[in-house]
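**Q** A single structure is presented below for examination.
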Amino acid sequence: MAHPDTRDIPKATVETLHLLFEGILTVLQPGNLLFAFLGCLLGTMIGVLPGIGPAAGIAILIPVTSGMDATGAIIMLAAIYYGVMYGGTITSVLINTPGEAASAVTCLDGYQMAKRGRAGVALSIAAIGSFIGGTFATFGLVFLALPLTGLALAFGPPEIFALLVFGLSLVTGLASKSLVRALIAAIIGMLIAQVGIDPVLGAPRFTFGITELLDGFGIVPVVMGLFGIGELLSSVEARYRNKPTPAVRGLLPSPTDFRASAAPIARGTGLGFVLGLVPGIGTIVPTFLSYALERRLSRTPERFGQGAIEGVAGPETANNASAAASLIPLFTLGIPGSAVTALLLGAFMVKGLTPGPALFVEQPAFVWAIIASLLVGNLILLVLNLPFIPVWVSLLRVPRAIMLSAILCFCILGAYSLNNSTFDVIVMLGFGIVGYLFNKLDIPVAPLVLTLVLTPLLEAALRQSLEMSVGNFMIFVNRPIALGFIVLAIASIALSALNSVRHLRGGGSEI
Amino acid sequence: MTDPDTEHEPDDAGLWPQPTSMRRVHQIAALLLVLFGAFIVWQALGLRFYTSLGPGPGFFSFWLGASLIVLALIMFVGARWGRAELPPPGFFADRQGYLGMAGIVGGLLAASLLLRPLGFPLTLMAIMFVMLKLVGRTGWTTAVLGALIGGPGVYLLFVHWLRVPLPAGITSFLG
């Protein structure tokens with residue numbers, strides 16, 4: 001692949017479109033298309049099931065991709081991510097229970113629409129908005145990819161180290177109620193990443209004589225435990241009964257519905273895209289902001305909460321736009337901004353690939369196939385969601401016990417099949433208990449996953465930087481880009497600390 | 001001794017006594033984290049701290065352990081003297097809830113022990129049965145049929161469709 005020339009915009013655009021076209025041809029090969037379809041199908045299914053979010057879903061299904069080539073595997077996992085975002089809406093609208101957290105705000109008006117016999121319209125407008133938001137954000141990825149990677153290719157180990165420090169500093173943005181608890185989770189993630197052979201002297205670290213720990217903890221069993229088993233433990237603890245689901249009729253929105261939804265979809269796309277680019281924001285914040293924005297701009301805000309279609313169209317669009325946009329820092333800089341994108345990064349690593357600028361040069365066919373698959377996946381999801389909504393609804397009638405048993409079996413199979421080792425099953429169990437306890441103590445799990453994935457890269461970049469400078473830490477100050485990222489990292493942490501102090505002064509319980 | 005943060009009367013639904021605040025829970029968690037951080041620091045001191053080219057194997061671990069201690073102490077102080085948080089509803093589960101959790105933990109432990117000798121189909125069958133009957137409290141027919149179809153079904157799906165090699169153990173006749 002030619003080195004991207006950011007100064008020559010028309011030439012870069014033609015080159016981008018050419019690469020995208022080649023990617024689309026790769027995705028349209030029967031095998032890859034099947035993986036994209038299966039990913040969308042499984043993702044929607046997971047999204048429909050209350051309690052299993054995108055992170056747990058992807059974690060459980062990563063081992064399913066173990067026998068696939070890298071392109072097929074990542075196409076499928078990205079499609080699962082998209083699918084979960086689509087599927088989560090169905091339960092929000094029909095049974096007032098979000099399938100995943102980002103769809104929580106849809107309950108407010110979506111469920112009210114369902115109670116008035118307009119469930120089909122709510123689900124259709126959500127699917128259409130999600131398609132538009134997701135597709136727009138994917139085109140954003142297409143056109144930002146080359147300029148950003150061109151810039152990032154100039155990075156040496158000190159810049160990469162500083163960028164990773166900046167990425168880690170953003171985990172503080174993942175703090176739920178307490179910055180301290182988010183930082184505790186982040187440090188525990190870094191400590192887990194310390195286990196194994198250290199990269200400096202090759203000495204075993206925290207292995208306690210256990211041979212299996214010499215390679216460190218695998219990302220997948222840890223994440224399967226934290227999200228999959230952790231969620232499972234929390235699920236069986238709570239009393240749950242399948243809720244009755246209303247009938248879905250009249251899927252097609254009327255011209256009035258389309259007119260009312262057009263502007264919220266456009267605003268949701270812009271808002272979701274911009275916020276999705278910022279690591280640490282996640283998909284929940286854009287949906288709530290979109291809802292608040294629509295309510296504020298409405299001439300009849302009193303309709304919100306009573307079944308206003310704008311309250312479904314805006315947030316659902318923002319949800320998918322931010323999900324797609326969050327892939328931009330992952331693909332171009334190798335920085336995951338959320339637990340889900342960290343998991344995708346882990347899946348890349350399982351396949352021996354590291355996302356980031358180098359990947360665009362070393363594996364252009366792979367990268368552009370994945371990007372193209374996002375466009376194709378959005379189209380598949382629109383087709384899957386609009387006519388087949390009644391089929392998805394029937395999933396909600398499957399008894400909870402059968403669903404939980406099947407998930408447990410999938411977790412066991414998945415953890416074992418990674419290395420054909422029962423040790424991974426035990427690791428998954430151990431981290432499942434950790435995930436459950438974190439949930440009880442309101443310690444967010446996402447910072448742990450992010451630091452677990454990023455710490456080995458950070459340690460390697462630090463070591464290479466210090467080798468370059470013969471042990472002089474001033475290398476991070478003397479190089480402007482590295483210094484810029486370090487300053488941004490300090491500002492990010494200071495801002496989070498300031499917000500926490502304000503929260504405490506405002507009557508919060510803990511920093 | 002009476003714990004001021006915990007009500008001792010069980011509620012009408014038969015739930016375990018629920019804490020009235022998260023104060024004590026967070027204090028205990030913070031102390032356990034302090035101990036964990038101290039253990040990490042102690043272990044890190046046994047590793048080389050610095051080399052001529054920069055941080056050694058113990059460098060990161062030492063500072064991470066120390067940072068964990070500091071953060072856990074802040075958490076303890078916040079829990080002790082800050083405004084108490086309300087516990088989420090059903091913080092402690094009922095008997096059935098804990099039975100379900102024990103079923104999952106026991107199932108995973110049993111799986112790690114039995115997978116190789118018994119093979120996947122039988123192990124998954126047993127786990128499905130326990131989950132359906134004891135955890136999900138389904139009827140005998142659902143539990144037995146679910147286990148008979150689900151266990152070998154999931155195995156065959158992985159082995160034949162997804163091409164994932166799994167030990168068949170004593171059920172190698174399944175292919």
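Letters A, B, ... go to the chains of the structure tokens in the order shown; residues in each chain start at 1; ligands are counted from 1 in the same order.
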So that each row is one residue of chain B with an atom at most 6 Å from chain A, can you give its shortest atom pair and the distance in Å to one decimal, using only C-alpha atoms, rows by chain and rising number, as JSON lines?
**A**
{"residue": "B:Leu53", "atom": "CA", "partner": "A:Gly471", "partner_atom": "CA", "distance": 4.8}
{"residue": "B:Gly54", "atom": "CA", "partner": "A:Gly471", "partner_atom": "CA", "distance": 5.0}
{"residue": "B:Pro57", "atom": "CA", "partner": "A:Asp198", "partner_atom": "CA", "distance": 5.8}
{"residue": "B:Gly78", "atom": "CA", "partner": "A:Glu510", "partner_atom": "CA", "distance": 5.3}
{"residue": "B:Gly82", "atom": "CA", "partner": "A:Ser509", "partner_atom": "CA", "distance": 5.5}
{"residue": "B:Arg83", "atom": "CA", "partner": "A:Ser509", "partner_atom": "CA", "distance": 4.6}
{"residue": "B:Ala93", "atom": "CA", "partner": "A:Glu237", "partner_atom": "CA", "distance": 5.6}
{"residue": "B:Gly97", "atom": "CA", "partner": "A:Glu237", "partner_atom": "CA", "distance": 4.0}
{"residue": "B:Gly100", "atom": "CA", "partner": "A:Val236", "partner_atom": "CA", "distance": 5.5}
{"residue": "B:Met101", "atom": "CA", "partner": "A:Leu233", "partner_atom": "CA", "distance": 5.5}
{"residue": "B:Ser112", "atom": "CA", "partner": "A:Thr422", "partner_atom": "CA", "distance": 5.0}
{"residue": "B:Met128", "atom": "CA", "partner": "A:Ser405", "partner_atom": "CA", "distance": 5.6}
{"residue": "B:Met131", "atom": "CA", "partner": "A:Ser405", "partner_atom": "CA", "distance": 5.7}
{"residue": "B:Leu132", "atom": "CA", "partner": "A:Ala401", "partner_atom": "CA", "distance": 5.7}
{"residue": "B:Gly136", "atom": "CA", "partner": "A:Ala401", "partner_atom": "CA", "distance": 4.5}
**Q** Keeping only N, CA and C atoms, write the selected residues to a file as a short mmCIF file (atom, residue, chain, number, x, y, z; two decimals), in the first residue's frame.
**A**
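Final output, selection_1.cif:
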data_model
loop_
_atom_site.label_atom_id
_atom_site.label_comp_id
_atom_site.auth_asym_id
_atom_site.auth_seq_id
_atom_site.Cartn_x
_atom_site.Cartn_y
_atom_site.Cartn_z
N LEU B 53 19.10 0.01 32.04
CA LEU B 53 18.26 0.54 30.95
C LEU B 53 16.89 0.96 31.43
N GLY B 54 16.74 1.11 32.71
CA GLY B 54 15.44 1.56 33.21
C GLY B 54 14.79 0.57 34.15
N PRO B 57 11.96 -5.80 36.59
CA PRO B 57 10.69 -6.54 36.71
C PRO B 57 9.84 -6.11 37.90
N GLY B 78 -13.19 7.40 52.83
CA GLY B 78 -14.45 7.86 52.24
C GLY B 78 -15.63 7.08 52.81
N GLY B 82 -17.31 9.60 54.95
CA GLY B 82 -18.14 10.23 53.92
C GLY B 82 -19.61 9.92 54.15
N ARG B 83 -20.46 10.45 53.23
CA ARG B 83 -21.89 10.18 53.35
C ARG B 83 -22.12 8.73 52.90
N ALA B 93 -28.77 -11.89 48.39
CA ALA B 93 -29.81 -12.67 47.70
C ALA B 93 -30.56 -13.55 48.70
N GLY B 97 -31.29 -17.75 45.44
CA GLY B 97 -30.27 -17.02 44.70
C GLY B 97 -28.88 -17.58 44.98
N GLY B 100 -28.37 -20.90 43.39
CA GLY B 100 -28.07 -20.75 41.97
C GLY B 100 -26.61 -20.42 41.73
N MET B 101 -26.09 -19.50 42.55
CA MET B 101 -24.69 -19.12 42.40
C MET B 101 -23.77 -20.30 42.72
N SER B 112 -14.01 -28.34 35.33
CA SER B 112 -12.55 -28.33 35.22
C SER B 112 -11.95 -29.68 35.64
N MET B 128 -25.99 -29.09 32.61
CA MET B 128 -27.31 -28.62 32.13
C MET B 128 -28.41 -29.09 33.08
N MET B 131 -28.26 -27.15 36.36
CA MET B 131 -28.72 -25.78 36.16
C MET B 131 -30.24 -25.72 35.97
N LEU B 132 -30.77 -26.64 35.18
CA LEU B 132 -32.21 -26.60 34.90
C LEU B 132 -33.04 -27.00 36.11
N GLY B 136 -32.71 -23.48 37.98
CA GLY B 136 -33.89 -22.93 37.31
C GLY B 136 -35.20 -23.47 37.84
#
**Q** Determine which residues of stretch 176-296 of chain A DSSP labels as alpha helix (DSSP H) from the backbone of this structure, then write them out as JSON, numbers by chain.
**A** {"A": [179, 180, 181, 182, 183, 184, 185, 186, 187, 188, 189, 190, 191, 192, 193, 194, 219, 220, 221, 222, 223, 230, 231, 232, 233, 234, 235, 236, 237, 255, 256, 257, 258, 259, 260, 261, 262, 263, 264, 265, 266, 267, 268, 269, 270, 271, 272, 273, 274, 275, 276, 277, 284, 285, 286, 287, 288, 289, 290, 291, 292, 293, 294, 295, 296]}
**Q** Which of stretch 2-159 of chain B counts as strand (DSSP E or B) under DSSP, as a list in words please?
**A**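 Reading the DSSP output for stretch 2-159 of chain B, strand (DSSP E or B) covers Thr6, Pro19, Tyr50, Thr51, Gly54 and Pro55 of chain B.
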**Q** Deliver the residues from the most recent selection as a file, using C-alpha atoms, as a PDB file, in the first residue's frame.
**A**
ATOM      1  CA  THR B   6     -27.552  -3.967  59.188  1.00  0.00           C
ATOM      2  CA  PRO B  19     -27.535  -3.631  54.998  1.00  0.00           C
ATOM      3  CA  TYR B  50      15.897  -1.102  38.383  1.00  0.00           C
ATOM      4  CA  THR B  51      18.375  -1.958  35.631  1.00  0.00           C
ATOM      5  CA  GLY B  54      15.440   1.561  33.208  1.00  0.00           C
ATOM      6  CA  PRO B  55      12.736  -0.152  35.245  1.00  0.00           C
TER       7      PRO B  55
END
